[in-house]
Structures are given as structure tokens and as C-alpha cells.
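*Asks:* Next up, start-v4.json (JSON, C-alpha atoms).
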```json
[["chain", "number", "residue", "atom", "x", "y", "z"],
["G", 643, "GLN", "CA", 0.00, 0.00, 0.00],
["G", 644, "VAL", "CA", 1.04, 3.55, -0.68],
["G", 645, "GLN", "CA", -0.12, 6.71, 1.03],
["G", 646, "LEU", "CA", 0.22, 10.11, -0.60],
["G", 647, "VAL", "CA", 0.09, 13.36, 1.33],
["G", 648, "GLU", "CA", 0.06, 16.68, -0.48],
["G", 649, "SER", "CA", 1.06, 20.02, 0.95],
["G", 650, "GLY", "CA", 1.70, 23.57, -0.20],
["G", 651, "GLY", "CA", -1.66, 24.70, -1.45],
["G", 652, "GLY", "CA", -3.08, 28.09, -0.63],
["G", 653, "LEU", "CA", -4.26, 31.44, -1.93],
["G", 654, "VAL", "CA", -2.18, 33.42, -4.41],
["G", 655, "GLN", "CA", -2.80, 36.37, -6.67],
["G", 656, "THR", "CA", -2.86, 36.19, -10.44],
["G", 657, "GLY", "CA", 0.67, 36.04, -11.76],
["G", 658, "GLY", "CA", 2.04, 34.64, -8.55],
["G", 659, "SER", "CA", 3.78, 31.37, -7.82],
["G", 660, "LEU", "CA", 3.08, 28.41, -5.61],
["G", 661, "GLY", "CA", 4.87, 25.16, -4.94],
["G", 662, "LEU", "CA", 3.21, 21.88, -4.10],
["G", 663, "SER", "CA", 4.80, 18.78, -2.71],
["G", 664, "CYS", "CA", 3.61, 15.25, -2.20],
["G", 665, "ALA", "CA", 5.25, 12.65, -0.02],
["G", 666, "ALA", "CA", 4.70, 8.98, -0.70],
["G", 667, "SER", "CA", 4.98, 6.48, 2.11],
["G", 668, "GLY", "CA", 4.82, 2.73, 2.02],
["G", 669, "THR", "CA", 6.41, 0.53, -0.62],
["G", 670, "VAL", "CA", 7.21, 2.57, -3.70],
["G", 671, "PHE", "CA", 8.53, 0.64, -6.68],
["G", 672, "GLY", "CA", 11.55, 1.83, -8.58],
["G", 673, "THR", "CA", 9.39, 1.77, -11.72],
["G", 674, "SER", "CA", 6.80, 4.13, -10.31],
["G", 675, "MET", "CA", 5.51, 7.20, -12.07],
["G", 676, "MET", "CA", 4.25, 10.14, -10.04],
["G", 677, "GLY", "CA", 2.16, 13.06, -11.11],
["G", 678, "TRP", "CA", -0.46, 15.67, -10.50],
["G", 679, "HIS", "CA", -4.07, 16.02, -11.50],
["G", 680, "ARG", "CA", -6.52, 18.76, -10.61],
["G", 681, "GLN", "CA", -10.24, 19.30, -10.37],
["G", 682, "ALA", "CA", -11.84, 22.70, -10.61],
["G", 683, "PRO", "CA", -15.35, 23.36, -9.27],
["G", 684, "GLY", "CA", -17.95, 21.92, -11.58],
["G", 685, "LYS", "CA", -15.38, 20.35, -13.87],
["G", 686, "GLN", "CA", -13.92, 16.92, -14.40],
["G", 687, "ARG", "CA", -10.60, 15.96, -12.96],
["G", 688, "GLU", "CA", -7.79, 16.58, -15.43],
["G", 689, "PHE", "CA", -4.16, 15.65, -15.87],
["G", 690, "VAL", "CA", -1.57, 18.30, -15.07],
["G", 691, "ALA", "CA", 1.90, 16.74, -15.15],
["G", 692, "SER", "CA", 3.77, 13.51, -14.58],
["G", 693, "ILE", "CA", 7.31, 12.29, -14.12],
["G", 694, "THR", "CA", 8.57, 8.77, -14.70],
["G", 695, "SER", "CA", 11.10, 6.74, -12.78],
["G", 696, "GLY", "CA", 13.64, 7.75, -15.39],
["G", 697, "GLY", "CA", 12.91, 11.45, -15.09],
["G", 698, "SER", "CA", 10.86, 11.92, -18.23],
["G", 699, "THR", "CA", 8.19, 14.55, -17.80],
["G", 700, "ASN", "CA", 4.87, 15.20, -19.45],
["G", 701, "TYR", "CA", 2.64, 18.23, -19.14],
["G", 702, "ALA", "CA", -0.88, 19.23, -20.04],
["G", 703, "ASP", "CA", -0.96, 22.04, -22.56],
["G", 704, "SER", "CA", -2.32, 24.34, -19.87],
["G", 705, "ALA", "CA", 0.75, 23.68, -17.72],
["G", 706, "LYS", "CA", 3.50, 23.84, -20.32],
["G", 707, "GLY", "CA", 5.88, 26.73, -19.82],
["G", 708, "ARG", "CA", 4.42, 27.63, -16.42],
["G", 709, "PHE", "CA", 4.58, 24.50, -14.27],
["G", 710, "THR", "CA", 7.56, 22.33, -13.48],
["G", 711, "ILE", "CA", 7.36, 18.85, -12.02],
["G", 712, "SER", "CA", 10.32, 17.34, -10.22],
["G", 713, "ARG", "CA", 11.00, 14.43, -7.97],
["G", 714, "ASP", "CA", 13.24, 13.38, -5.12],
["G", 715, "TYR", "CA", 13.72, 9.70, -5.74],
["G", 716, "ASN", "CA", 15.42, 9.02, -2.44],
["G", 717, "LYS", "CA", 12.63, 10.57, -0.39],
["G", 718, "ASN", "CA", 9.74, 9.61, -2.70],
["G", 719, "ILE", "CA", 8.56, 13.19, -2.94],
["G", 720, "VAL", "CA", 7.17, 14.82, -6.05],
["G", 721, "TYR", "CA", 6.98, 18.57, -6.48],
["G", 722, "LEU", "CA", 4.99, 20.89, -8.67],
["G", 723, "GLN", "CA", 6.27, 24.42, -9.06],
["G", 724, "MET", "CA", 3.58, 26.64, -10.51],
["G", 725, "ASN", "CA", 4.42, 30.05, -11.90],
["G", 726, "THR", "CA", 2.42, 32.77, -13.59],
["G", 727, "LEU", "CA", -0.74, 31.42, -12.04],
["G", 728, "LYS", "CA", -4.12, 32.28, -13.49],
["G", 729, "PRO", "CA", -7.60, 32.21, -11.96],
["G", 730, "GLU", "CA", -8.38, 29.18, -14.14],
["G", 731, "ASP", "CA", -5.68, 27.27, -12.26],
["G", 732, "THR", "CA", -7.93, 27.34, -9.20],
["G", 733, "ALA", "CA", -8.63, 23.73, -8.29],
["G", 734, "VAL", "CA", -7.96, 20.94, -5.88],
["G", 735, "TYR", "CA", -4.63, 19.43, -6.86],
["G", 736, "TYR", "CA", -4.15, 15.70, -6.39],
["G", 737, "CYS", "CA", -0.94, 13.76, -6.27],
["G", 738, "THR", "CA", -0.89, 10.39, -8.03],
["G", 739, "LEU", "CA", 1.42, 7.42, -8.10],
["G", 740, "ARG", "CA", 1.40, 4.45, -10.43],
["G", 741, "GLN", "CA", 3.69, 1.59, -9.49],
["G", 742, "THR", "CA", 3.92, 0.02, -12.95],
["G", 743, "LEU", "CA", 2.38, 0.75, -16.34],
["G", 744, "ARG", "CA", -0.52, -1.59, -15.65],
["G", 745, "SER", "CA", -1.13, -0.67, -12.03],
["G", 746, "PRO", "CA", -4.02, 1.44, -10.83],
["G", 747, "ASP", "CA", -3.21, 4.90, -9.58],
["G", 748, "TYR", "CA", -2.91, 5.80, -5.94],
["G", 749, "TRP", "CA", -4.39, 9.20, -5.13],
["G", 750, "GLY", "CA", -3.76, 11.70, -2.39],
["G", 751, "ARG", "CA", -6.55, 13.62, -0.70],
["G", 752, "GLY", "CA", -5.75, 16.80, -2.53],
["G", 753, "THR", "CA", -4.70, 20.32, -1.68],
["G", 754, "GLN", "CA", -6.63, 23.45, -2.59],
["G", 755, "VAL", "CA", -5.05, 26.07, -4.82],
["G", 756, "THR", "CA", -6.93, 29.32, -5.24],
["G", 757, "VAL", "CA", -5.78, 32.05, -7.60],
["G", 758, "SER", "CA", -7.47, 35.39, -7.06],
["G", 759, "SER", "CA", -8.00, 37.82, -9.91]]
```
Turn this file's structure into C-alpha cells for me.

*Replies:*
Amino acid sequence: QVQLVESGGGLVQTGGSLGLSCAASGTVFGTSMMGWHRQAPGKQREFVASITSGGSTNYADSAKGRFTISRDYNKNIVYLQMNTLKPEDTAVYYCTLRQTLRSPDYWGRGTQVTVSS
């Protein structure tokens, strides 16, 4: 079993920056991929960014150029640095972990990010 705990959410003004982190505890495979999703009020949950065990990253179009995902492989922590934030980035941000390509995702409880206009 894996537990994911996010931190770092909060309130920020448009154009500001915010950093999220997510710590994974339990047995984390060396093949695991970690990432972030988000869900805005009244909208479906959507992919934000991911990072593989080898360090390859992938971003949603909305995150490219503004968000940076990184990972501490020794501590099993994944980070999301968000810059130039917009009101449409307001959402609950969820950390995810997938042990292998065919494994189901583990999800954290989420952390609220609110960007004021």
C-alpha cells in the first residue's frame, strides 16, 4: 500500500507562484511514475503533469511553460512548481502514483489552490 500526502496549497494572486509537494509512504517501486491532476469546481478531474522513474516529464498544454514537475527519488517526494498562475488554475490538486504501467493509480486527498484575480 502507498499513502500520498500533499502540501503547499493556498491562496495566491494572479501572476504569482506556488509550490506543491507530495510525499509517498509505504512501498514505492523503482518503476513508479508520479504526477499531479486537478479538479476545478464543476469540472472533471484533469491531468496536469507527470514524471517517470527515469525522469521523463509530461505536461498538459495548460501547464506547459508555467509549471515544473520534479522528484526526489530518495525521499519519494514529487513537487509541482507553478508560476504565472491564473484564476483558471484554481482547483484541488491531487498527487498520483502508479507503481507500474498496468497498475491502478494511488491518489492523495488533494490540496486546494486558489488564484485570485

*Asks:* Can you measure CA of Phe709 in chain G to CA of Ser758 in chain G for me? One decimal in Å is fine.

*Replies:* 17.8 Å

*Asks:* For Gly677 in chain G, which residue out of G:Asn718, G:Thr732, G:Asn725, G:Ser759 is the nearest one, using all atoms listed in the file?

*Replies:* G:Asn718

*Asks:* For range 668-673 of chain G, please output as a PDB file with C-alpha atoms, in the coordinates of the input all residues within 6 Å (counting all atoms listed in the file; exclusion window: fewer than 6 positions along the same chain).

*Replies:*
```pdb
ATOM      1  CA  GLN G 643       0.000   0.000   0.000  1.00  0.00           C
ATOM      2  CA  VAL G 644       1.040   3.550  -0.680  1.00  0.00           C
ATOM      3  CA  SER G 695      11.100   6.740 -12.780  1.00  0.00           C
ATOM      4  CA  GLN G 741       3.690   1.590  -9.490  1.00  0.00           C
ATOM      5  CA  THR G 742       3.920   0.020 -12.950  1.00  0.00           C
TER       6      THR G 742
END
```

*Asks:* Pick from G:Asn700, G:Ser674, G:Ser692, G:Gln754: nearest to Tyr715 in chain G, with all atoms listed in the file counted?

*Replies:*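 That would be G:Ser674, the residue with the smallest distance to Tyr715 in chain G.
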
*Asks:* Which of these, G:Asn716, G:Gln723, G:Thr699, G:Thr738, has the shortest distance to Met676 in chain G once you count only C-alpha atoms?

*Replies:*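 Smallest distance to Met676 in chain G is found for G:Thr738.
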
*Asks:* When distances are computed from only C-alpha atoms, which of G:Val720, G:Leu646, G:Leu653, G:Ala682 shows the smallest separation from Gly697 in chain G?

*Replies:*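 Closest to Gly697 in chain G, using only C-alpha atoms: G:Val720.
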
*Asks:* Which residue, G:Ala666, G:Glu688, G:Asp714, G:Val757, has the smallest gap to Lys728 in chain G when you use only C-alpha atoms?

*Replies:*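 When distances to Lys728 in chain G are compared using only C-alpha atoms, the smallest one comes from G:Val757.
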
*Asks:* Just the number, please: distance in Å from CA of Met724 in chain G to CA of His679 in chain G, one decimal.

*Replies:*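 About the pair CA of Met724 in chain G and CA of His679 in chain G: they are 13.1 Å apart.
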
*Asks:* Report, in Å to a single decimal, how far apart CA of Thr756 in chain G and CA of Ile693 in chain G are.

*Replies:*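 Value for the CA of Ile693 in chain G-CA of Thr756 in chain G distance: 23.9 Å.
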
*Asks:* For Asp703 in chain G, find every residue with an atom within 10 Å (counting all atoms listed in the file), except residues of its own chain fewer than 5 positions away, and show them as a ChimeraX atom specification.

*Replies:* /G:689-691,708

*Asks:* Just checking: using only C-alpha atoms, which residue out of G:Ala665, G:Gly650, G:Gly657, G:Glu730 ends up closest to Trp749 in chain G?

*Replies:*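 Closest residue, counting only C-alpha atoms: G:Ala665.
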
*Asks:* If we draw a sphere of 10 Å around (-6.4, 19.7, 0.8), which residues have at least one atom in it when counting all atoms listed in the file? Please report them as a VMD selection string.

*Replies:* chain G and resid 647 to 652 734 to 736 750 to 755

*Asks:* I need the chosen residues saved as a PDB file, in the coordinates of the input, with C-alpha atoms.

*Replies:*
```
ATOM      1  CA  VAL G 647       0.090  13.360   1.330  1.00  0.00           C
ATOM      2  CA  GLU G 648       0.060  16.680  -0.480  1.00  0.00           C
ATOM      3  CA  SER G 649       1.060  20.020   0.950  1.00  0.00           C
ATOM      4  CA  GLY G 650       1.700  23.570  -0.200  1.00  0.00           C
ATOM      5  CA  GLY G 651      -1.660  24.700  -1.450  1.00  0.00           C
ATOM      6  CA  GLY G 652      -3.080  28.090  -0.630  1.00  0.00           C
ATOM      7  CA  VAL G 734      -7.960  20.940  -5.880  1.00  0.00           C
ATOM      8  CA  TYR G 735      -4.630  19.430  -6.860  1.00  0.00           C
ATOM      9  CA  TYR G 736      -4.150  15.700  -6.390  1.00  0.00           C
ATOM     10  CA  GLY G 750      -3.760  11.700  -2.390  1.00  0.00           C
ATOM     11  CA  ARG G 751      -6.550  13.620  -0.700  1.00  0.00           C
ATOM     12  CA  GLY G 752      -5.750  16.800  -2.530  1.00  0.00           C
ATOM     13  CA  THR G 753      -4.700  20.320  -1.680  1.00  0.00           C
ATOM     14  CA  GLN G 754      -6.630  23.450  -2.590  1.00  0.00           C
ATOM     15  CA  VAL G 755      -5.050  26.070  -4.820  1.00  0.00           C
TER      16      VAL G 755
END
```

*Asks:* Please tell me which residues are no farther than 6 Å from (-1.8, 24.4, -14.4) in the file, counting only C-alpha atoms, and write them as a list of chain:residue names.

*Replies:*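 These residues have at least one counted atom within 6 Å: G:Ser704, G:Ala705, G:Asp731.
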
*Asks:* Grab range 687-701 of chain G from that structure and dump all heavy atoms to a file, as a compact mmCIF listing (two decimals), in the first residue's frame.

*Replies:*
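What landed in out.txt:
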```txt
# COMPACT_ATOMS: atom_id res chain seq x y z
N ARG G 687 -12.00 16.01 -13.33
CA ARG G 687 -10.60 15.96 -12.96
C ARG G 687 -9.75 15.87 -14.22
O ARG G 687 -10.12 15.16 -15.17
CB ARG G 687 -10.36 14.75 -12.06
CG ARG G 687 -9.09 14.79 -11.26
CD ARG G 687 -9.08 13.67 -10.24
NE ARG G 687 -10.05 13.87 -9.17
CZ ARG G 687 -10.11 13.09 -8.09
NH1 ARG G 687 -9.29 12.07 -7.95
NH2 ARG G 687 -11.01 13.34 -7.16
N GLU G 688 -8.63 16.58 -14.24
CA GLU G 688 -7.79 16.58 -15.43
C GLU G 688 -6.33 16.41 -15.07
O GLU G 688 -5.88 16.78 -13.98
CB GLU G 688 -7.97 17.89 -16.21
CG GLU G 688 -7.53 19.13 -15.48
CD GLU G 688 -7.69 20.39 -16.32
OE1 GLU G 688 -8.25 20.33 -17.43
OE2 GLU G 688 -7.24 21.46 -15.85
N PHE G 689 -5.60 15.86 -16.01
CA PHE G 689 -4.16 15.65 -15.87
C PHE G 689 -3.43 16.99 -15.91
O PHE G 689 -3.79 17.89 -16.68
CB PHE G 689 -3.69 14.76 -17.01
CG PHE G 689 -2.20 14.68 -17.17
CD1 PHE G 689 -1.45 13.87 -16.34
CD2 PHE G 689 -1.56 15.41 -18.16
CE1 PHE G 689 -0.07 13.80 -16.49
CE2 PHE G 689 -0.20 15.34 -18.32
CZ PHE G 689 0.56 14.53 -17.48
N VAL G 690 -2.39 17.10 -15.08
CA VAL G 690 -1.57 18.30 -15.07
C VAL G 690 -0.14 17.98 -15.51
O VAL G 690 0.37 18.59 -16.45
CB VAL G 690 -1.53 18.95 -13.68
CG1 VAL G 690 -0.60 20.17 -13.66
CG2 VAL G 690 -2.94 19.36 -13.24
N ALA G 691 0.50 17.05 -14.83
CA ALA G 691 1.90 16.74 -15.15
C ALA G 691 2.26 15.40 -14.54
O ALA G 691 1.64 14.95 -13.58
CB ALA G 691 2.83 17.82 -14.61
N SER G 692 3.28 14.77 -15.12
CA SER G 692 3.77 13.51 -14.58
C SER G 692 5.28 13.40 -14.79
O SER G 692 5.86 14.10 -15.64
CB SER G 692 3.06 12.32 -15.24
OG SER G 692 3.37 12.27 -16.62
N ILE G 693 5.88 12.53 -14.01
CA ILE G 693 7.31 12.29 -14.12
C ILE G 693 7.56 10.81 -13.89
O ILE G 693 7.06 10.22 -12.94
CB ILE G 693 8.11 13.18 -13.14
CG1 ILE G 693 9.61 12.98 -13.33
CG2 ILE G 693 7.69 12.94 -11.69
CD1 ILE G 693 10.44 14.06 -12.63
N THR G 694 8.33 10.21 -14.78
CA THR G 694 8.57 8.77 -14.70
C THR G 694 9.73 8.46 -13.77
O THR G 694 10.43 9.36 -13.29
CB THR G 694 8.89 8.21 -16.09
OG1 THR G 694 10.17 8.72 -16.51
CG2 THR G 694 7.83 8.59 -17.11
N SER G 695 9.97 7.18 -13.59
CA SER G 695 11.10 6.74 -12.78
C SER G 695 12.42 7.16 -13.40
O SER G 695 13.41 7.34 -12.69
CB SER G 695 11.06 5.23 -12.60
OG SER G 695 11.06 4.59 -13.87
N GLY G 696 12.43 7.34 -14.70
CA GLY G 696 13.64 7.75 -15.39
C GLY G 696 13.80 9.25 -15.53
O GLY G 696 14.79 9.73 -16.11
N GLY G 697 12.81 10.00 -15.06
CA GLY G 697 12.91 11.45 -15.09
C GLY G 697 12.23 12.11 -16.28
O GLY G 697 12.28 13.33 -16.41
N SER G 698 11.58 11.32 -17.11
CA SER G 698 10.86 11.92 -18.23
C SER G 698 9.60 12.61 -17.72
O SER G 698 8.90 12.06 -16.87
CB SER G 698 10.49 10.85 -19.26
OG SER G 698 11.65 10.29 -19.83
N THR G 699 9.34 13.78 -18.25
CA THR G 699 8.19 14.55 -17.80
C THR G 699 7.18 14.74 -18.93
O THR G 699 7.52 14.71 -20.11
CB THR G 699 8.61 15.93 -17.28
OG1 THR G 699 9.32 16.63 -18.32
CG2 THR G 699 9.53 15.80 -16.07
N ASN G 700 5.94 14.95 -18.51
CA ASN G 700 4.87 15.20 -19.45
C ASN G 700 3.94 16.23 -18.83
O ASN G 700 3.70 16.19 -17.61
CB ASN G 700 4.09 13.91 -19.75
CG ASN G 700 3.12 14.07 -20.88
OD1 ASN G 700 3.34 14.85 -21.79
ND2 ASN G 700 2.02 13.31 -20.85
N TYR G 701 3.47 17.16 -19.64
CA TYR G 701 2.64 18.23 -19.14
C TYR G 701 1.37 18.39 -19.97
O TYR G 701 1.39 18.20 -21.19
CB TYR G 701 3.39 19.57 -19.17
CG TYR G 701 4.59 19.65 -18.26
CD1 TYR G 701 5.85 19.31 -18.72
CD2 TYR G 701 4.45 20.06 -16.94
CE1 TYR G 701 6.96 19.38 -17.89
CE2 TYR G 701 5.55 20.14 -16.09
CZ TYR G 701 6.81 19.80 -16.58
OH TYR G 701 7.89 19.87 -15.74
```
